[in-house]
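Only one structure is covered here, and it is reproduced in the block below.
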Amino acid sequence: MFDTTAAPVADRARYDRATAHLDAPLALVDLAAFDANADDLVRRAGGKPLRVASKSVRCRALLERVLAKDGFRGVMSYTLAESLWLARSGVEDVLLAYPSADRAGYAELASDPKLAAAVTVTVDDPAQLALIDAARDGGGEPIRVCLELDTSLRLLGGRIRVGARRSPLHSPAELTELARAVQRRPGFRLVGLMAYEGHVAGVGDAVPGAALRSRAVRLMQRTARRELAARRSAAVRAVRAVAPDLEFVNGGGTGSVQHTAAEEAITEIAAGSGLYVPRLFDNFTSFTGRPATLFAMPVVRRPGVGVVTVLGGGYPASGAAGRDRLPEVYLPAGLRYDPQEGPGEVQTPLLGPPADDLLIGDKVWFRHAKAGELCERFATLHLVEGDRVTDAVPTYRGEGMTFL
């Protein structure tokens with residue numbers, strides 16, 4: 001569940017003092033919270049290494065910070081261009097967790113021994129192998145390959161499906177067939193298997209005001225964990241029979257770290273959102289996090305009693321559209337969106353008694369619904385220790401890298 005031990009009033013005063021010399025809009029990372037969240041992920045992983053999901057961080061300085069901690073090893077990336085950039089920057093173990101159609105990127109990967117040794121690409125279809133081969137442009141380096149198992153829970157003979165539509169490979173037999181295809185194909189080396197259970201790791205099971213739904217989610221997740229543990233174990237055995245030198249089996253996510261780590265077949269855990277703890281990760285019974293990343297927008301208007309208007313703020317998160325995808329108006333507590341306007345592209349009216357205490361130029365603090373997506377809105381993250389900004393580091397966007 002969301003950590004309620006920290007006093008929001010004290011946090012607001014601390015963040016306001018730390019950034020008093022800075023004009024909003026701005027984004028910050030509370031390093032004490034970030035480090036505490038990282039330590040908790042390591043604790044929950046129970047000795048198995050954590051691979052940090054870059055899409056949930058999108059800042060090289062913070063990726064380097066967490067990779068320097070005991071318990072973290074390697075990066076899980078989201079595009080081939082990003083993977084190559086990270087590898088060129090010195091990251092020696094990058095797992096691209098999503099299939100790519102980046103032909104130029106594959107040509108570069110196949111022609112550079114250092115990149116080919118550092119980057120592993122995910123496939124779930126023989127057609128992806130054919131695309132890579134066609135893109136090699138003479139490059140002869142072997143491509144490291146990871147297969148992805150579909151983790152969705154299927155009930156009533158498949159008529160009910162719970163989980164993301166990712167890989168088409170659901171059964172151990174289907175996974176094994178592709179493993180054999182990789183092994184037969186020159187220029188590829190099968191080194192890994194991944195299986196991301198997003199319906200367990202990324203869905204809150206203790207939503208305030210939704211007791212019945214929360215109980216249903218917990219029941220679904222218990223059922224899904226049992227089913228997947230058995231199927232994943234069988235899949236790993238089957239693939240290892242084809243590729244005995246398999247280097248890693250990746251699973252999990254922030255909300256399921258300790259459950260996934262308990263599976264003998266798993267060798268490493270993926271996690272990233274648990275470092276920042278955005279608002280969508282408030283409602284989990286499996287862990288307690290501290291909000292580490294916030295953004296501030298300035299008050300620019302006072303339209304009337306109980307109303308202020310801040311600049312911008314319309315930063316919805318990806319996924320099915322809904323109120324849960326909007327940023328949370330966080331500090332000062334007690335402000336809310338105008339239901340007829342919501343967060344806007346260039347201005348956002350906010351309602352509530354605290355509005356009358358806010359002056360033009362004051363900061364209102366928000367939490368993004370998701371983790372790394374905030375970094376697509378800001379070029380810089382201000383790192384806060386106590387009540388001081390001790391550094392300012394570029395996001396991917398701040399380095400001129402907009403991969404998606």
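A note on labels: chains of the structure tokens are A, B, ... as shown, every chain counts residues from 1, and ligands are counted from 1 in their shown order.
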Just want the 7 Å neighbourhood of segment 150-166 of chain A, counted on only C-alpha atoms, with same-chain residues fewer than 5 positions away dropped. Output as a list in words.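 Final neighbour list, sorted by chain and number: Ala195, Tyr196, Glu197, Gly198, His199, Ala224 and Leu228 of chain A.
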May I have the selected residues written with N, CA and C atoms, as a PDB file, in the first residue's frame?
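Final output, selection.pdb:
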```pdb
ATOM      1  N   ALA A 195       9.042 -13.554 -19.422  1.00  0.00           N
ATOM      2  CA  ALA A 195       7.597 -13.724 -19.279  1.00  0.00           C
ATOM      3  C   ALA A 195       7.113 -12.674 -18.296  1.00  0.00           C
ATOM      4  N   TYR A 196       6.490 -11.618 -18.797  1.00  0.00           N
ATOM      5  CA  TYR A 196       6.066 -10.499 -17.951  1.00  0.00           C
ATOM      6  C   TYR A 196       4.597 -10.627 -17.605  1.00  0.00           C
ATOM      7  N   GLU A 197       4.302 -10.850 -16.336  1.00  0.00           N
ATOM      8  CA  GLU A 197       2.927 -11.018 -15.888  1.00  0.00           C
ATOM      9  C   GLU A 197       2.325  -9.686 -15.462  1.00  0.00           C
ATOM     10  N   GLY A 198       2.013  -8.829 -16.448  1.00  0.00           N
ATOM     11  CA  GLY A 198       1.529  -7.495 -16.156  1.00  0.00           C
ATOM     12  C   GLY A 198       0.236  -7.468 -15.387  1.00  0.00           C
ATOM     13  N   HIS A 199      -0.632  -8.477 -15.567  1.00  0.00           N
ATOM     14  CA  HIS A 199      -1.907  -8.517 -14.863  1.00  0.00           C
ATOM     15  C   HIS A 199      -1.732  -8.814 -13.376  1.00  0.00           C
ATOM     16  N   ALA A 224      -3.776 -16.622 -11.177  1.00  0.00           N
ATOM     17  CA  ALA A 224      -2.810 -16.415 -12.256  1.00  0.00           C
ATOM     18  C   ALA A 224      -1.402 -16.808 -11.831  1.00  0.00           C
ATOM     19  N   LEU A 228       0.616 -19.665 -13.802  1.00  0.00           N
ATOM     20  CA  LEU A 228       1.810 -19.267 -14.528  1.00  0.00           C
ATOM     21  C   LEU A 228       3.061 -19.946 -13.978  1.00  0.00           C
TER      22      LEU A 228
END
```
Looking only at strand (DSSP E) from DSSP on the backbone, list the matching residues of segment 115-345 of chain A as an MDAnalysis selection string. chainID A and resid 119:123 143:148 153:155 160:162 188:195 248:251 268:271 293:304 307:311 328:331 336:337
Given only C-alpha atoms as the basis, pick out the residue of A:Pro353, A:Pro394, A:Gly138, A:Gly272 nearest to Val308 of chain A.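 For Val308 of chain A, the nearest of the candidates is A:Pro353.
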Residues flagged alpha helix (DSSP H) by DSSP in segment 243-372 of chain A, as a ChimeraX atom specification: /A:257-261,273-276
Determine the nearest neighbour of Arg232 of chain A from the options A:Gln128, A:Asn283, A:Asn250, A:Thr79, counting only C-alpha atoms.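 Closest to Arg232 of chain A of all the choices is A:Asn250.
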Can you pull out every residue within 7 Å of segment 30-44 of chain A, counting only C-alpha atoms, but drop anything in the same chain fewer than 5 positions away, and send it as an mmCIF file with C-alpha atoms, in the first residue's frame?
```
data_model
loop_
_atom_site.group_PDB
_atom_site.id
_atom_site.type_symbol
_atom_site.label_atom_id
_atom_site.label_comp_id
_atom_site.auth_asym_id
_atom_site.auth_seq_id
_atom_site.Cartn_x
_atom_site.Cartn_y
_atom_site.Cartn_z
ATOM 1 C CA GLY A 71 21.141 -6.448 -6.246
ATOM 2 C CA VAL A 257 8.743 -9.163 -7.222
ATOM 3 C CA GLN A 258 8.647 -11.474 -4.210
ATOM 4 C CA GLY A 274 8.910 0.757 -8.069
ATOM 5 C CA LEU A 275 11.805 3.211 -8.086
ATOM 6 C CA TYR A 276 9.640 6.270 -8.781
ATOM 7 C CA GLY A 289 6.538 2.555 -1.707
ATOM 8 C CA ARG A 290 7.437 6.202 -1.318
ATOM 9 C CA PRO A 291 6.593 8.710 -4.070
ATOM 10 C CA ALA A 292 10.001 9.715 -5.400
ATOM 11 C CA THR A 293 9.178 11.697 -8.539
ATOM 12 C CA LEU A 383 17.668 15.748 -7.528
ATOM 13 C CA VAL A 384 16.596 16.653 -3.999
ATOM 14 C CA GLU A 385 18.349 15.603 -0.802
#
```
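The spacing separating atom CA of Gly255 of chain A from atom CA of Leu280 of chain A amounts to 10.7 Å.
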Do a neighbour search on Ala107 of chain A at 10 Å with only C-alpha atoms, toss out local chain neighbours closer than 2 positions, and write the hits as a list of chain:residue names.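 Result of the neighbour search: A:Asp102, A:Arg103, A:Ala104, A:Gly105, A:Leu109, A:Ala110, A:Ser111, A:Asp112, A:Ile132, A:Asp133, A:Ala134, A:Ala135, A:Arg136, A:Asp137, A:Gly138, A:Gly139, A:Gly140, A:Glu141.
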Any chance you could export the current selection's C-alpha atoms as a PDB file, in the first residue's frame?
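This went into selection24.pdb:
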```
ATOM      1  CA  ASP A 102      14.288  -1.101 -36.860  1.00  0.00           C
ATOM      2  CA  ARG A 103      16.259  -2.345 -39.887  1.00  0.00           C
ATOM      3  CA  ALA A 104      19.000   0.258 -39.575  1.00  0.00           C
ATOM      4  CA  GLY A 105      19.414  -0.640 -35.923  1.00  0.00           C
ATOM      5  CA  LEU A 109      23.941  -4.416 -34.205  1.00  0.00           C
ATOM      6  CA  ALA A 110      25.059  -7.153 -36.600  1.00  0.00           C
ATOM      7  CA  SER A 111      28.160  -5.237 -37.646  1.00  0.00           C
ATOM      8  CA  ASP A 112      29.535  -4.231 -34.232  1.00  0.00           C
ATOM      9  CA  ILE A 132      16.684  -9.283 -38.774  1.00  0.00           C
ATOM     10  CA  ASP A 133      18.486 -11.410 -41.356  1.00  0.00           C
ATOM     11  CA  ALA A 134      17.251  -9.216 -44.193  1.00  0.00           C
ATOM     12  CA  ALA A 135      18.481  -6.128 -42.346  1.00  0.00           C
ATOM     13  CA  ARG A 136      22.006  -7.345 -41.584  1.00  0.00           C
ATOM     14  CA  ASP A 137      23.532  -5.524 -44.593  1.00  0.00           C
ATOM     15  CA  GLY A 138      26.567  -7.770 -44.484  1.00  0.00           C
ATOM     16  CA  GLY A 139      26.978  -7.723 -40.717  1.00  0.00           C
ATOM     17  CA  GLY A 140      27.964 -11.179 -39.528  1.00  0.00           C
ATOM     18  CA  GLU A 141      27.885 -10.837 -35.736  1.00  0.00           C
TER      19      GLU A 141
END
```
Tell me which protein, DNA and RNA residues are within 12 Å of Asp282 of chain A, counting only C-alpha atoms, leaving out same-chain ones fewer than 6 positions away, and put them as a list in words.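 Counting only the stated atoms, we get Met1, Phe2, Asp3, Thr4, Gly202, Val203, Gly204, Asp205, Ala206, Val207, Pro208, Thr254, Gly255, Ser273, Gly274, Tyr276, Thr288, Gly289, Arg290, Pro291, Asp324, Glu328, Arg367, His368, Ala369 and Lys370 of chain A.
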Please provide the set of residues having any atom within 10 Å of Ala81 of chain A, restricted to only C-alpha atoms, with same-chain residues fewer than 3 positions apart removed, written as a PDB file with all heavy atoms, in the first residue's frame.
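Okay, this is what ended up in out_9.pdb:
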```
ATOM      1  N   SER A  77      15.357  -2.679 -21.846  1.00  0.00           N
ATOM      2  CA  SER A  77      15.099  -1.506 -22.679  1.00  0.00           C
ATOM      3  C   SER A  77      13.796  -1.677 -23.450  1.00  0.00           C
ATOM      4  O   SER A  77      13.163  -2.730 -23.411  1.00  0.00           O
ATOM      5  CB  SER A  77      16.259  -1.291 -23.641  1.00  0.00           C
ATOM      6  OG  SER A  77      16.425  -2.438 -24.458  1.00  0.00           O
ATOM      7  N   TYR A  78      13.409  -0.607 -24.185  1.00  0.00           N
ATOM      8  CA  TYR A  78      12.116  -0.674 -24.868  1.00  0.00           C
ATOM      9  C   TYR A  78      12.179  -0.411 -26.369  1.00  0.00           C
ATOM     10  O   TYR A  78      11.193  -0.666 -27.069  1.00  0.00           O
ATOM     11  CB  TYR A  78      11.090   0.245 -24.197  1.00  0.00           C
ATOM     12  CG  TYR A  78      11.432   1.719 -24.145  1.00  0.00           C
ATOM     13  CD1 TYR A  78      10.976   2.608 -25.113  1.00  0.00           C
ATOM     14  CD2 TYR A  78      12.177   2.229 -23.090  1.00  0.00           C
ATOM     15  CE1 TYR A  78      11.258   3.952 -25.041  1.00  0.00           C
ATOM     16  CE2 TYR A  78      12.470   3.582 -23.002  1.00  0.00           C
ATOM     17  CZ  TYR A  78      12.007   4.440 -23.978  1.00  0.00           C
ATOM     18  OH  TYR A  78      12.293   5.786 -23.908  1.00  0.00           O
ATOM     19  N   LEU A  84      20.944   0.300 -28.319  1.00  0.00           N
ATOM     20  CA  LEU A  84      22.259   0.573 -28.896  1.00  0.00           C
ATOM     21  C   LEU A  84      22.897   1.791 -28.232  1.00  0.00           C
ATOM     22  O   LEU A  84      24.109   1.808 -27.965  1.00  0.00           O
ATOM     23  CB  LEU A  84      22.136   0.787 -30.405  1.00  0.00           C
ATOM     24  CG  LEU A  84      21.562  -0.398 -31.197  1.00  0.00           C
ATOM     25  CD1 LEU A  84      21.408  -0.021 -32.667  1.00  0.00           C
ATOM     26  CD2 LEU A  84      22.425  -1.641 -31.041  1.00  0.00           C
ATOM     27  N   TRP A  85      22.105   2.807 -27.955  1.00  0.00           N
ATOM     28  CA  TRP A  85      22.599   4.013 -27.292  1.00  0.00           C
ATOM     29  C   TRP A  85      23.126   3.689 -25.902  1.00  0.00           C
ATOM     30  O   TRP A  85      24.212   4.140 -25.511  1.00  0.00           O
ATOM     31  CB  TRP A  85      21.458   5.036 -27.232  1.00  0.00           C
ATOM     32  CG  TRP A  85      21.777   6.337 -26.573  1.00  0.00           C
ATOM     33  CD1 TRP A  85      22.686   7.276 -26.983  1.00  0.00           C
ATOM     34  CD2 TRP A  85      21.156   6.871 -25.402  1.00  0.00           C
ATOM     35  NE1 TRP A  85      22.654   8.359 -26.141  1.00  0.00           N
ATOM     36  CE2 TRP A  85      21.734   8.147 -25.166  1.00  0.00           C
ATOM     37  CE3 TRP A  85      20.145   6.411 -24.552  1.00  0.00           C
ATOM     38  CZ2 TRP A  85      21.339   8.946 -24.090  1.00  0.00           C
ATOM     39  CZ3 TRP A  85      19.761   7.209 -23.485  1.00  0.00           C
ATOM     40  CH2 TRP A  85      20.361   8.460 -23.260  1.00  0.00           C
ATOM     41  N   LEU A  86      22.381   2.893 -25.141  1.00  0.00           N
ATOM     42  CA  LEU A  86      22.824   2.515 -23.806  1.00  0.00           C
ATOM     43  C   LEU A  86      24.098   1.673 -23.867  1.00  0.00           C
ATOM     44  O   LEU A  86      25.022   1.866 -23.072  1.00  0.00           O
ATOM     45  CB  LEU A  86      21.719   1.746 -23.075  1.00  0.00           C
ATOM     46  CG  LEU A  86      20.492   2.557 -22.664  1.00  0.00           C
ATOM     47  CD1 LEU A  86      19.414   1.634 -22.086  1.00  0.00           C
ATOM     48  CD2 LEU A  86      20.849   3.636 -21.654  1.00  0.00           C
ATOM     49  N   ALA A  87      24.137   0.743 -24.821  1.00  0.00           N
ATOM     50  CA  ALA A  87      25.329  -0.105 -24.953  1.00  0.00           C
ATOM     51  C   ALA A  87      26.544   0.725 -25.337  1.00  0.00           C
ATOM     52  O   ALA A  87      27.651   0.511 -24.821  1.00  0.00           O
ATOM     53  CB  ALA A  87      25.082  -1.211 -25.972  1.00  0.00           C
ATOM     54  N   LEU A  96      16.470  -6.003 -24.807  1.00  0.00           N
ATOM     55  CA  LEU A  96      15.377  -5.314 -25.494  1.00  0.00           C
ATOM     56  C   LEU A  96      14.123  -6.177 -25.348  1.00  0.00           C
ATOM     57  O   LEU A  96      14.043  -7.267 -25.918  1.00  0.00           O
ATOM     58  CB  LEU A  96      15.711  -5.101 -26.972  1.00  0.00           C
ATOM     59  CG  LEU A  96      14.581  -4.561 -27.856  1.00  0.00           C
ATOM     60  CD1 LEU A  96      14.044  -3.246 -27.323  1.00  0.00           C
ATOM     61  CD2 LEU A  96      15.063  -4.418 -29.294  1.00  0.00           C
ATOM     62  N   SER A 100      11.336  -5.517 -32.491  1.00  0.00           N
ATOM     63  CA  SER A 100      11.624  -4.283 -33.225  1.00  0.00           C
ATOM     64  C   SER A 100      11.563  -4.534 -34.726  1.00  0.00           C
ATOM     65  O   SER A 100      11.821  -5.647 -35.185  1.00  0.00           O
ATOM     66  CB  SER A 100      13.009  -3.764 -32.846  1.00  0.00           C
ATOM     67  OG  SER A 100      13.354  -2.624 -33.604  1.00  0.00           O
ATOM     68  N   ASP A 102      13.284  -2.125 -36.575  1.00  0.00           N
ATOM     69  CA  ASP A 102      14.288  -1.101 -36.860  1.00  0.00           C
ATOM     70  C   ASP A 102      15.415  -1.725 -37.690  1.00  0.00           C
ATOM     71  O   ASP A 102      16.406  -2.221 -37.155  1.00  0.00           O
ATOM     72  CB  ASP A 102      14.805  -0.536 -35.539  1.00  0.00           C
ATOM     73  CG  ASP A 102      15.856   0.548 -35.712  1.00  0.00           C
ATOM     74  OD1 ASP A 102      16.282   0.801 -36.856  1.00  0.00           O
ATOM     75  OD2 ASP A 102      16.269   1.133 -34.688  1.00  0.00           O
ATOM     76  N   ALA A 104      17.698  -0.403 -39.705  1.00  0.00           N
ATOM     77  CA  ALA A 104      19.000   0.258 -39.575  1.00  0.00           C
ATOM     78  C   ALA A 104      19.667  -0.129 -38.263  1.00  0.00           C
ATOM     79  O   ALA A 104      20.886  -0.333 -38.199  1.00  0.00           O
ATOM     80  CB  ALA A 104      18.824   1.774 -39.663  1.00  0.00           C
ATOM     81  N   GLY A 105      18.872  -0.239 -37.211  1.00  0.00           N
ATOM     82  CA  GLY A 105      19.414  -0.640 -35.923  1.00  0.00           C
ATOM     83  C   GLY A 105      19.957  -2.054 -35.947  1.00  0.00           C
ATOM     84  O   GLY A 105      21.032  -2.332 -35.379  1.00  0.00           O
ATOM     85  N   TYR A 106      19.245  -2.959 -36.614  1.00  0.00           N
ATOM     86  CA  TYR A 106      19.731  -4.332 -36.717  1.00  0.00           C
ATOM     87  C   TYR A 106      21.017  -4.408 -37.538  1.00  0.00           C
ATOM     88  O   TYR A 106      21.919  -5.194 -37.223  1.00  0.00           O
ATOM     89  CB  TYR A 106      18.661  -5.230 -37.328  1.00  0.00           C
ATOM     90  CG  TYR A 106      17.582  -5.637 -36.349  1.00  0.00           C
ATOM     91  CD1 TYR A 106      16.228  -5.483 -36.667  1.00  0.00           C
ATOM     92  CD2 TYR A 106      17.912  -6.189 -35.115  1.00  0.00           C
ATOM     93  CE1 TYR A 106      15.237  -5.864 -35.771  1.00  0.00           C
ATOM     94  CE2 TYR A 106      16.927  -6.563 -34.221  1.00  0.00           C
ATOM     95  CZ  TYR A 106      15.591  -6.397 -34.551  1.00  0.00           C
ATOM     96  OH  TYR A 106      14.612  -6.777 -33.659  1.00  0.00           O
ATOM     97  N   GLU A 108      23.312  -2.137 -37.688  1.00  0.00           N
ATOM     98  CA  GLU A 108      24.374  -1.676 -36.795  1.00  0.00           C
ATOM     99  C   GLU A 108      24.720  -2.748 -35.767  1.00  0.00           C
ATOM    100  O   GLU A 108      25.897  -3.003 -35.484  1.00  0.00           O
ATOM    101  CB  GLU A 108      23.937  -0.390 -36.094  1.00  0.00           C
ATOM    102  CG  GLU A 108      25.019   0.206 -35.208  1.00  0.00           C
ATOM    103  CD  GLU A 108      24.595   1.519 -34.567  1.00  0.00           C
ATOM    104  OE1 GLU A 108      23.463   1.983 -34.818  1.00  0.00           O
ATOM    105  OE2 GLU A 108      25.410   2.072 -33.795  1.00  0.00           O
ATOM    106  N   LEU A 109      23.708  -3.381 -35.205  1.00  0.00           N
ATOM    107  CA  LEU A 109      23.941  -4.416 -34.205  1.00  0.00           C
ATOM    108  C   LEU A 109      24.749  -5.574 -34.776  1.00  0.00           C
ATOM    109  O   LEU A 109      25.687  -6.071 -34.141  1.00  0.00           O
ATOM    110  CB  LEU A 109      22.593  -4.924 -33.682  1.00  0.00           C
ATOM    111  CG  LEU A 109      22.616  -6.006 -32.598  1.00  0.00           C
ATOM    112  CD1 LEU A 109      23.262  -5.487 -31.319  1.00  0.00           C
ATOM    113  CD2 LEU A 109      21.189  -6.506 -32.317  1.00  0.00           C
ATOM    114  N   MET A 401      17.033  12.509 -26.897  1.00  0.00           N
ATOM    115  CA  MET A 401      16.659  11.140 -27.268  1.00  0.00           C
ATOM    116  C   MET A 401      15.173  10.929 -26.990  1.00  0.00           C
ATOM    117  O   MET A 401      14.749  10.812 -25.842  1.00  0.00           O
ATOM    118  CB  MET A 401      17.481  10.123 -26.478  1.00  0.00           C
ATOM    119  CG  MET A 401      18.965  10.227 -26.732  1.00  0.00           C
ATOM    120  SD  MET A 401      19.337   9.847 -28.463  1.00  0.00           S
ATOM    121  CE  MET A 401      21.116  10.100 -28.502  1.00  0.00           C
ATOM    122  N   THR A 402      14.381  10.904 -28.041  1.00  0.00           N
ATOM    123  CA  THR A 402      12.958  10.596 -27.930  1.00  0.00           C
ATOM    124  C   THR A 402      12.713   9.326 -28.738  1.00  0.00           C
ATOM    125  O   THR A 402      12.477   9.372 -29.944  1.00  0.00           O
ATOM    126  CB  THR A 402      12.086  11.758 -28.440  1.00  0.00           C
ATOM    127  OG1 THR A 402      12.548  12.130 -29.761  1.00  0.00           O
ATOM    128  CG2 THR A 402      12.198  12.953 -27.533  1.00  0.00           C
ATOM    129  N   PHE A 403      12.802   8.186 -28.060  1.00  0.00           N
ATOM    130  CA  PHE A 403      12.788   6.909 -28.755  1.00  0.00           C
ATOM    131  C   PHE A 403      11.389   6.476 -29.181  1.00  0.00           C
ATOM    132  O   PHE A 403      11.231   5.684 -30.094  1.00  0.00           O
ATOM    133  CB  PHE A 403      13.427   5.837 -27.868  1.00  0.00           C
ATOM    134  CG  PHE A 403      14.881   6.096 -27.569  1.00  0.00           C
ATOM    135  CD1 PHE A 403      15.300   6.470 -26.304  1.00  0.00           C
ATOM    136  CD2 PHE A 403      15.830   5.982 -28.576  1.00  0.00           C
ATOM    137  CE1 PHE A 403      16.643   6.712 -26.044  1.00  0.00           C
ATOM    138  CE2 PHE A 403      17.167   6.235 -28.320  1.00  0.00           C
ATOM    139  CZ  PHE A 403      17.568   6.591 -27.043  1.00  0.00           C
ATOM    140  N   LEU A 404      10.382   6.958 -28.492  1.00  0.00           N
ATOM    141  CA  LEU A 404       8.996   6.642 -28.880  1.00  0.00           C
ATOM    142  C   LEU A 404       8.142   7.891 -28.686  1.00  0.00           C
ATOM    143  O   LEU A 404       8.377   8.643 -27.740  1.00  0.00           O
ATOM    144  CB  LEU A 404       8.423   5.516 -28.004  1.00  0.00           C
ATOM    145  CG  LEU A 404       8.798   4.082 -28.372  1.00  0.00           C
ATOM    146  CD1 LEU A 404       8.195   3.102 -27.390  1.00  0.00           C
ATOM    147  CD2 LEU A 404       8.338   3.743 -29.791  1.00  0.00           C
TER     148      LEU A 404
END
```
